[in-house]
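K.L.:
I have a structure here, written as structure tokens, and I will follow up with some questions on it.
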Amino acid sequence: MNSSFAMLYKTTGFFFVTPGMILMWFIGLTLIYLAIAKDYEPLLLLPIGFGILLANLPLAGLMEPHEGLLWKFYHYGITWEVIPPLIFLGLGALTDFGPMLSNPRLIFLGAGAQVGVYITFFAANAIGYFTIPEAATIGIIGGADGPTTIFLASKLAPHLLGSCAVAAYSYMALVPIIQPPIMRLLTTEAERKIRMKKVKKISAKEKLWFPLIVTFLIILLIPAAAPLIAMFMLGNLFRESGVVERLNKAAQNELMNIVTIFLGLPIGATMNAETFLKREVIFIFALGLIAFMISTASGILLAKTINLFSETKINPLLGAAGVSAVPMAARVVHKEGLKADKKNYLLMYAMGPNIAGVIGTVIAAGVFLTILS
């Protein structure tokens, strides 16, 4: 009888469950609930939440080095820097640069919204709790760009990857909750009613040249950003060339869906109770939120500053779309514009700084890698 109990004890996970694991189950189930019931970033929060559950089931060994299934996903997909660039390939195939090219001034709003990344970097380093590479990884959360956060964390602070990734995707999902109060606080009703003037239509040839030119410029200036920029622009070249529709559709759909699965599960699986339930994680989520809020505010304030020196006014709400949460931030800007004026359609214009913000966050990550690697 004793030997049977000993065998059961050794082979059954029930006897090894800890309070920390139970707490992580609750966190994982919360993410799954938000994905299913609230439709918050379901494509990523659902697999991430399930990955958290799997990582906190004792004796399962799914993250066991060299042997666990999810460890292999993590090692060969993320540590080897395969999955984030593939995500950018799909994003490039889905992206229309026309709104940004038709009104080049909006590019500055995407750049201005990166202020939160750098301020949070210095703040995280100043509090003395994080190293400089860790501070850079936390700061990039302010760009609200999950793949870029994962890419940078895997290089500079792999031990923070899970918490930084979940923070980035959580704030992306909460864009409709976090941004509107800041937008209303920093703008007047008259400013929110500003209607953007129609801009010229971008030709197919201009759209075709853009990914080629950007590839040369950014990779020559910041070689460390090459993996993400190269795949982003290749995906867009698939889209604009018009001659590889099969590749374009595959990048947008099948490939994007597959790599999303292999991204979410191992990211969630890095969040076991031993590594996640620490004081530093609370700091990461708090600093990430501050970064995101500052990025939103800086984009709006930059738009207001441009208006001081320009006869053609920009609706300051567009500055909030400068964060990289595509297309959630653009949609929130559009909705806030409609609340002020039911005929003020800002979505097309908001996509300009929104896409510029993606490029700006990648450049910020490249700068950090260049300086800190």
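Ordering of the structure tokens sets the chain letters (A, B, ...); residue numbers start at 1 within each chain; ligands are numbered from 1 in the order shown.
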Env of region 177-187 of chain A: 8 Å cut, atoms = only C-alpha atoms, seq-sep filter 3 positions within chain, self excluded. Answer as a PyMOL selection string.
P.N.:
chain A and resi 171+174+191-192+293+296-297+300-301+316-317+320+332+336
K.L.:
How would the residues just picked look written out with N, CA and C atoms as an mmCIF file, in the first residue's frame?
P.N.:
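Result written to part_35.cif:
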```cif
data_model
loop_
_atom_site.group_PDB
_atom_site.id
_atom_site.type_symbol
_atom_site.label_atom_id
_atom_site.label_comp_id
_atom_site.auth_asym_id
_atom_site.auth_seq_id
_atom_site.Cartn_x
_atom_site.Cartn_y
_atom_site.Cartn_z
ATOM 1 N N TYR A 171 -1.640 45.969 -22.956
ATOM 2 C CA TYR A 171 -1.903 47.379 -23.203
ATOM 3 C C TYR A 171 -2.415 47.612 -24.620
ATOM 4 N N LEU A 174 -5.976 46.964 -24.342
ATOM 5 C CA LEU A 174 -6.688 47.961 -23.535
ATOM 6 C C LEU A 174 -6.620 49.367 -24.122
ATOM 7 N N GLU A 191 -10.768 71.331 -31.071
ATOM 8 C CA GLU A 191 -9.659 70.621 -31.709
ATOM 9 C C GLU A 191 -10.098 69.243 -32.199
ATOM 10 N N ARG A 192 -10.932 68.588 -31.422
ATOM 11 C CA ARG A 192 -11.398 67.255 -31.827
ATOM 12 C C ARG A 192 -12.320 67.324 -33.045
ATOM 13 N N MET A 293 1.167 55.520 -21.802
ATOM 14 C CA MET A 293 0.418 56.760 -21.592
ATOM 15 C C MET A 293 1.230 57.969 -22.065
ATOM 16 N N THR A 296 1.191 58.127 -25.870
ATOM 17 C CA THR A 296 -0.084 58.675 -26.343
ATOM 18 C C THR A 296 -0.109 60.190 -26.199
ATOM 19 N N ALA A 297 0.304 60.673 -25.034
ATOM 20 C CA ALA A 297 0.278 62.110 -24.766
ATOM 21 C C ALA A 297 1.268 62.865 -25.647
ATOM 22 N N ILE A 300 -0.037 63.453 -29.179
ATOM 23 C CA ILE A 300 -1.062 64.499 -29.210
ATOM 24 C C ILE A 300 -0.427 65.881 -29.076
ATOM 25 N N LEU A 301 0.488 66.022 -28.137
ATOM 26 C CA LEU A 301 1.125 67.324 -27.904
ATOM 27 C C LEU A 301 1.967 67.751 -29.099
ATOM 28 N N PRO A 316 -5.516 67.014 -33.468
ATOM 29 C CA PRO A 316 -4.547 66.483 -32.498
ATOM 30 C C PRO A 316 -4.814 65.041 -32.078
ATOM 31 N N LEU A 317 -6.046 64.583 -32.245
ATOM 32 C CA LEU A 317 -6.344 63.196 -31.900
ATOM 33 C C LEU A 317 -5.456 62.230 -32.685
ATOM 34 N N ALA A 320 -2.434 60.453 -31.084
ATOM 35 C CA ALA A 320 -2.592 59.262 -30.250
ATOM 36 C C ALA A 320 -2.438 57.986 -31.063
ATOM 37 N N VAL A 332 -9.606 53.889 -32.368
ATOM 38 C CA VAL A 332 -9.993 54.687 -31.192
ATOM 39 C C VAL A 332 -10.008 56.165 -31.545
ATOM 40 N N GLU A 336 -13.278 58.677 -31.340
ATOM 41 C CA GLU A 336 -13.289 59.921 -30.573
ATOM 42 C C GLU A 336 -13.624 61.104 -31.470
#
```
K.L.:
Each residue of region 83-179 of chain A lying at most 9 Å from region 41-47 of chain A should get a row with its shortest atom-to-atom pair and the distance in Å to one decimal, counting only C-alpha atoms; could you produce that, ordered by chain and increasing number, as a Markdown table?
P.N.:
```
| residue | atom | partner | partner_atom | distance |
| --- | --- | --- | --- | --- |
| A:Val166 | CA | A:Leu45 | CA | 8.1 |
| A:Tyr169 | CA | A:Glu41 | CA | 7.4 |
| A:Ser170 | CA | A:Leu45 | CA | 7.9 |
| A:Met172 | CA | A:Glu41 | CA | 7.6 |
| A:Ala173 | CA | A:Glu41 | CA | 5.3 |
| A:Leu174 | CA | A:Glu41 | CA | 8.9 |
```
K.L.:
Out of A:Thr11, A:Thr18, A:Ser154, A:Asn103, which residue has the shortest atom-to-atom distance to Ile78 (chain A) when counting only C-alpha atoms?
P.N.:
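Result for the nearest residue to Ile78 (chain A): A:Ser154.
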K.L.:
Quick one: residues within 12 Å of Glu280 (chain A), only C-alpha atoms, excluding same-chain residues fewer than 4 positions away - as a tab-separated table (two decimals) with C-alpha atoms, in the first residue's frame?
P.N.:
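Resulting contents of result_38.tsv:
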```tsv
chain	number	residue	atom	x	y	z
A	124	ALA	CA	13.54	52.33	-15.29
A	127	ILE	CA	15.20	53.69	-10.06
A	128	GLY	CA	18.20	51.37	-9.78
A	129	TYR	CA	16.23	48.14	-9.80
A	130	PHE	CA	16.90	47.23	-13.43
A	131	THR	CA	20.03	46.97	-15.53
A	134	GLU	CA	16.38	45.46	-18.83
A	135	ALA	CA	15.37	49.14	-18.80
A	138	ILE	CA	10.74	47.70	-20.46
A	159	HIS	CA	14.33	36.38	-18.39
A	160	LEU	CA	11.85	39.29	-18.71
A	163	SER	CA	6.19	39.53	-18.46
A	164	CYS	CA	7.19	42.23	-21.01
A	275	THR	CA	9.83	33.65	-12.49
A	276	PHE	CA	6.62	35.69	-12.70
A	284	ILE	CA	7.39	46.16	-15.38
A	285	PHE	CA	3.61	46.44	-15.73
A	286	ALA	CA	3.55	49.84	-14.01
A	287	LEU	CA	6.42	51.25	-16.08
A	288	GLY	CA	4.96	49.76	-19.27
```
K.L.:
Would you please extract all helix (DSSP H, G or I) residues from region 151-361 of chain A, as assigned by DSSP on the backbone, and give them as a VMD selection string?
P.N.:
chain A and resid 151 to 156 158 to 173 175 to 186 189 to 192 204 to 221 223 to 241 245 to 252 254 to 269 273 to 276 279 to 308 316 to 322 328 to 340 347 to 361
K.L.:
Which residue, A:Thr120, A:Asn257, A:Asn354, A:Thr137, has the smallest gap to Ile290 (chain A) when you use only C-alpha atoms?
P.N.:
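For Ile290 (chain A), the nearest of the candidates is A:Thr120.
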K.L.:
Under the rule that only C-alpha atoms are counted, which of A:Ile261, A:Ile294, A:Leu212, A:Ala329 is the nearest residue to Val115 (chain A)?
P.N.:
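Of the candidates, the smallest distance to Val115 (chain A) is held by A:Ile294.
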K.L.:
Here is a test: counting only C-alpha atoms, which residue of A:Gly61, A:Val214, A:Pro176, A:Phe151 is nearest to Ala330 (chain A)?
P.N.:
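Closest to Ala330 (chain A), using only C-alpha atoms: A:Pro176.
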